[in-house]
Structures are given as structure tokens and as C-alpha cells.
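Heads up: the structure comes next, in C-alpha cells.
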Amino acid sequence: MGNINSYKDLIIWQKGIILVVRVYQLVKSFPQEELYALTSQIKRASVSIPSNISEGYGRNTDKSFSHFLDISRGSLNELETQLIIAKELGFIIDLKLYDEIMALIEEESKMINAFSRSFKN
């Protein structure tokens with residue numbers, strides 16, 4: 001992993017943190033009755049992305065890291081689906097922030113896929 005001394009040096013982890021922050025900003029305006037339902041699931045899925053990247057890095061084997069990248073990718077897909085549902089239900093007020101998050105999800109997905117391929121070749 002070259003000049004990478006910590007999981008915090010990984011751009012996919014850094015982008016994951018930005019995604020979490022944006023998601024938390026977005027769900028602040030969700031209905032109160034969704035606090036323990038969709039809002040909670042969305043927050044957990046977003047937090048899972050950089051968390052699994054850091055956990056996989058900490059396992060210190062390519063096989064484990066690749067496995068945790070797969071889990072991160074799954075959480076990313078879960079997050080995207082939940083946000084689409086929230087939008088369809090009319091919970092999304094800030095469409096500009098929603099669009100920014102969806103673009104971040106697409107970028108993060110491409111980066112995780114590319115990074116993951118490096119372990120499988």
C-alpha cells in the first residue's frame with residue numbers, strides 16, 4: 001500500500017467521512033416519527049461505509065481488507081436505496097444536498113470498486 005501509513009490516508013475513507021457528515025445534515029429535516037426508523041437506518045448505513053474501510057485496513061491482510069471493502073460497498077448500496085425511498089416518501093427537503101450525496105455515493109462506489117479490484121488481481 002505504498003505511502004499509506006493509516007486508514008486515514010485512504011481517499012475512500014476520507015470520502016466516506018464526508019458522506020457521513022452530509023447524510024447527517026440531510027436527515028436533520030426528516031419527520032420526527034422517522035427518528036428510530038428510516039433516519040436511524042440511513043445513519044447506520046452511512047457510518048458503516050468508512051467504519052468497514054478502517055476495520056478492513058486494520059485486519060492487515062489483503063483478503064480481509066477485500067472482504068470489508070465488499071461490506072462497505074453493500075452499505076453504500078443500502079444507503080443509496082434508503083435515500084431514494086426517503087425522497088419518494090417526500091422526506092427530502094434539500095434537493096441540492098440530496099444530489100450532492102448521490103454524486104458522492106456514485107464517486108465512492110467507483111473508488112471502492114477500483115480499489116477492491118487491486119486486491120483481486
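Numbering starts fresh at 1 for the residues of each chain in the C-alpha cells, the chains themselves are lettered A, B, ... in the order given, and ligands are numbered from 1 as they appear.
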Practice prompt. Find the residues near Trp13 of chain A: any atom within 7 Å, counting only C-alpha atoms, skip ones fewer than 4 places away on the same chain, and give them as a PyMOL selection string.
Written response: chain A and resi 7-8+17+50+53
Save out the residues we just selected, N, CA and C atoms, as a short mmCIF file (atom, residue, chain, number, x, y, z; two decimals), in the first residue's frame.
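Here's the written file result24.cif:
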```cif
data_model
loop_
_atom_site.label_atom_id
_atom_site.label_comp_id
_atom_site.auth_asym_id
_atom_site.auth_seq_id
_atom_site.Cartn_x
_atom_site.Cartn_y
_atom_site.Cartn_z
N TYR A 7 -5.30 4.05 7.80
CA TYR A 7 -6.55 4.06 7.03
C TYR A 7 -6.99 5.48 6.74
N LYS A 8 -6.59 6.43 7.60
CA LYS A 8 -6.97 7.83 7.40
C LYS A 8 -6.31 8.44 6.16
N ILE A 17 -16.11 9.64 5.16
CA ILE A 17 -16.39 10.55 6.28
C ILE A 17 -17.21 11.75 5.80
N PRO A 50 -17.26 4.12 6.01
CA PRO A 50 -15.87 4.34 6.42
C PRO A 50 -15.43 3.43 7.57
N ILE A 53 -14.16 0.25 6.07
CA ILE A 53 -12.87 0.50 5.40
C ILE A 53 -11.76 0.51 6.44
#
```
Discussion item. Taking 5 positions as the minimum chain separation for residues in the same chain, which residues sit within 12 Å of Leu38 of chain A when counting only C-alpha atoms? Answer as a PyMOL selection string.
Written reply: chain A and resi 27+30-33+43-45+78-79+81-87+89+91
Item to complete: Rank A:Leu95, A:Thr61, A:Asn77, A:Tyr36 by their smallest atom-to-atom distance to Ile49 of chain A, using only C-alpha atoms, and report the top residue only.
Response: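 The answer is A:Asn77, which sits nearest to Ile49 of chain A.
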Discussion item. Which of segment 13-111 of chain A end up as helix (DSSP H, G or I) when DSSP is run on this backbone - answer as an MDAnalysis selection string?
Written reply: chainID A and resid 13:27 32:34 38:59 62:88 95:111
What does the file look like for those residues with C-alpha atoms, as a PDB file, in the first residue's frame?
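Written file, result_38.pdb:
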```pdb
ATOM      1  CA  TRP A  13     -12.089   6.517   3.862  1.00  0.00           C
ATOM      2  CA  GLN A  14     -11.867  10.330   3.678  1.00  0.00           C
ATOM      3  CA  LYS A  15     -14.719  10.480   1.154  1.00  0.00           C
ATOM      4  CA  GLY A  16     -16.697   8.121   3.375  1.00  0.00           C
ATOM      5  CA  ILE A  17     -16.393  10.554   6.285  1.00  0.00           C
ATOM      6  CA  ILE A  18     -17.579  13.436   4.087  1.00  0.00           C
ATOM      7  CA  LEU A  19     -20.531  11.288   3.036  1.00  0.00           C
ATOM      8  CA  VAL A  20     -21.478  10.607   6.673  1.00  0.00           C
ATOM      9  CA  VAL A  21     -21.403  14.317   7.522  1.00  0.00           C
ATOM     10  CA  ARG A  22     -23.586  15.220   4.518  1.00  0.00           C
ATOM     11  CA  VAL A  23     -26.050  12.427   5.310  1.00  0.00           C
ATOM     12  CA  TYR A  24     -26.399  13.609   8.907  1.00  0.00           C
ATOM     13  CA  GLN A  25     -27.084  17.128   7.614  1.00  0.00           C
ATOM     14  CA  LEU A  26     -29.748  15.797   5.242  1.00  0.00           C
ATOM     15  CA  VAL A  27     -31.691  13.705   7.751  1.00  0.00           C
ATOM     16  CA  GLN A  32     -39.618  13.169  13.967  1.00  0.00           C
ATOM     17  CA  GLU A  33     -41.604   9.929  13.751  1.00  0.00           C
ATOM     18  CA  GLU A  34     -38.879   8.563  11.435  1.00  0.00           C
ATOM     19  CA  LEU A  38     -35.582   5.186   8.286  1.00  0.00           C
ATOM     20  CA  THR A  39     -33.480   8.016   9.737  1.00  0.00           C
ATOM     21  CA  SER A  40     -31.666   5.598  12.028  1.00  0.00           C
ATOM     22  CA  GLN A  41     -31.104   3.082   9.225  1.00  0.00           C
ATOM     23  CA  ILE A  42     -29.720   5.776   6.919  1.00  0.00           C
ATOM     24  CA  LYS A  43     -27.304   6.995   9.574  1.00  0.00           C
ATOM     25  CA  ARG A  44     -26.115   3.464  10.361  1.00  0.00           C
ATOM     26  CA  ALA A  45     -25.575   2.605   6.691  1.00  0.00           C
ATOM     27  CA  SER A  46     -23.560   5.785   6.117  1.00  0.00           C
ATOM     28  CA  VAL A  47     -21.387   5.255   9.211  1.00  0.00           C
ATOM     29  CA  SER A  48     -20.793   1.654   8.172  1.00  0.00           C
ATOM     30  CA  ILE A  49     -19.006   2.694   4.970  1.00  0.00           C
ATOM     31  CA  PRO A  50     -15.865   4.344   6.418  1.00  0.00           C
ATOM     32  CA  SER A  51     -16.043   2.116   9.506  1.00  0.00           C
ATOM     33  CA  ASN A  52     -15.664  -1.056   7.457  1.00  0.00           C
ATOM     34  CA  ILE A  53     -12.874   0.501   5.401  1.00  0.00           C
ATOM     35  CA  SER A  54     -10.939   1.260   8.576  1.00  0.00           C
ATOM     36  CA  GLU A  55     -11.702  -2.139  10.100  1.00  0.00           C
ATOM     37  CA  GLY A  56     -10.582  -3.941   6.951  1.00  0.00           C
ATOM     38  CA  TYR A  57      -7.380  -1.922   6.852  1.00  0.00           C
ATOM     39  CA  GLY A  58      -6.738  -2.831  10.476  1.00  0.00           C
ATOM     40  CA  ARG A  59      -7.029  -6.552   9.776  1.00  0.00           C
ATOM     41  CA  ASP A  62      -5.425  -8.257   1.642  1.00  0.00           C
ATOM     42  CA  LYS A  63      -8.119 -10.934   1.904  1.00  0.00           C
ATOM     43  CA  SER A  64      -9.687  -9.350   4.992  1.00  0.00           C
ATOM     44  CA  PHE A  65      -9.404  -5.863   3.557  1.00  0.00           C
ATOM     45  CA  SER A  66     -11.087  -7.000   0.348  1.00  0.00           C
ATOM     46  CA  HIS A  67     -13.892  -8.592   2.388  1.00  0.00           C
ATOM     47  CA  PHE A  68     -14.512  -5.385   4.346  1.00  0.00           C
ATOM     48  CA  LEU A  69     -14.458  -3.337   1.142  1.00  0.00           C
ATOM     49  CA  ASP A  70     -17.249  -5.621  -0.090  1.00  0.00           C
ATOM     50  CA  ILE A  71     -19.197  -4.884   3.087  1.00  0.00           C
ATOM     51  CA  SER A  72     -18.629  -1.137   2.584  1.00  0.00           C
ATOM     52  CA  ARG A  73     -19.931  -1.439  -0.973  1.00  0.00           C
ATOM     53  CA  GLY A  74     -23.026  -3.201   0.334  1.00  0.00           C
ATOM     54  CA  SER A  75     -23.618  -0.432   2.880  1.00  0.00           C
ATOM     55  CA  LEU A  76     -23.194   2.145   0.134  1.00  0.00           C
ATOM     56  CA  ASN A  77     -25.885   0.415  -1.947  1.00  0.00           C
ATOM     57  CA  GLU A  78     -28.110   0.176   1.122  1.00  0.00           C
ATOM     58  CA  LEU A  79     -27.657   3.902   1.797  1.00  0.00           C
ATOM     59  CA  GLU A  80     -28.480   4.815  -1.791  1.00  0.00           C
ATOM     60  CA  THR A  81     -31.658   2.718  -1.690  1.00  0.00           C
ATOM     61  CA  GLN A  82     -32.770   4.217   1.623  1.00  0.00           C
ATOM     62  CA  LEU A  83     -32.223   7.756   0.336  1.00  0.00           C
ATOM     63  CA  ILE A  84     -34.259   7.011  -2.788  1.00  0.00           C
ATOM     64  CA  ILE A  85     -37.054   5.710  -0.546  1.00  0.00           C
ATOM     65  CA  ALA A  86     -36.835   8.825   1.644  1.00  0.00           C
ATOM     66  CA  LYS A  87     -37.081  11.034  -1.434  1.00  0.00           C
ATOM     67  CA  GLU A  88     -40.079   9.079  -2.763  1.00  0.00           C
ATOM     68  CA  LEU A  95     -32.683  18.520  -3.071  1.00  0.00           C
ATOM     69  CA  LYS A  96     -29.322  20.175  -3.720  1.00  0.00           C
ATOM     70  CA  LEU A  97     -27.798  18.327  -0.750  1.00  0.00           C
ATOM     71  CA  TYR A  98     -29.546  15.118  -1.860  1.00  0.00           C
ATOM     72  CA  ASP A  99     -27.995  15.455  -5.328  1.00  0.00           C
ATOM     73  CA  GLU A 100     -24.576  16.129  -3.774  1.00  0.00           C
ATOM     74  CA  ILE A 101     -24.896  12.983  -1.640  1.00  0.00           C
ATOM     75  CA  MET A 102     -25.978  10.872  -4.603  1.00  0.00           C
ATOM     76  CA  ALA A 103     -22.946  12.117  -6.559  1.00  0.00           C
ATOM     77  CA  LEU A 104     -20.707  11.272  -3.583  1.00  0.00           C
ATOM     78  CA  ILE A 105     -22.236   7.796  -3.450  1.00  0.00           C
ATOM     79  CA  GLU A 106     -21.503   7.262  -7.137  1.00  0.00           C
ATOM     80  CA  GLU A 107     -17.930   8.512  -6.738  1.00  0.00           C
ATOM     81  CA  GLU A 108     -17.345   6.401  -3.617  1.00  0.00           C
ATOM     82  CA  SER A 109     -18.747   3.340  -5.376  1.00  0.00           C
ATOM     83  CA  LYS A 110     -16.356   3.737  -8.303  1.00  0.00           C
ATOM     84  CA  MET A 111     -13.427   4.264  -5.954  1.00  0.00           C
TER      85      MET A 111
END
```
Worksheet entry | Nearest residue to Asn5 of chain A from the set A:Lys28, A:Asn60, A:Ala37, A:Asn113 (distances using only C-alpha atoms) |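 Of the candidates, the smallest distance to Asn5 of chain A is held by A:Asn60.
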Discussion item. What does the structure give for the distance between atom CA of Ile92 of chain A and atom CA of Ile11 of chain A, in Å to one decimal?
Written reply: 27.7 Å
Worksheet item: Which of these, A:Ile93, A:Ile4, A:Leu10, A:Ile112, has the shortest distance to Ser29 of chain A once you count only C-alpha atoms?
Response: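 Smallest separation from Ser29 of chain A among the options: A:Ile93.
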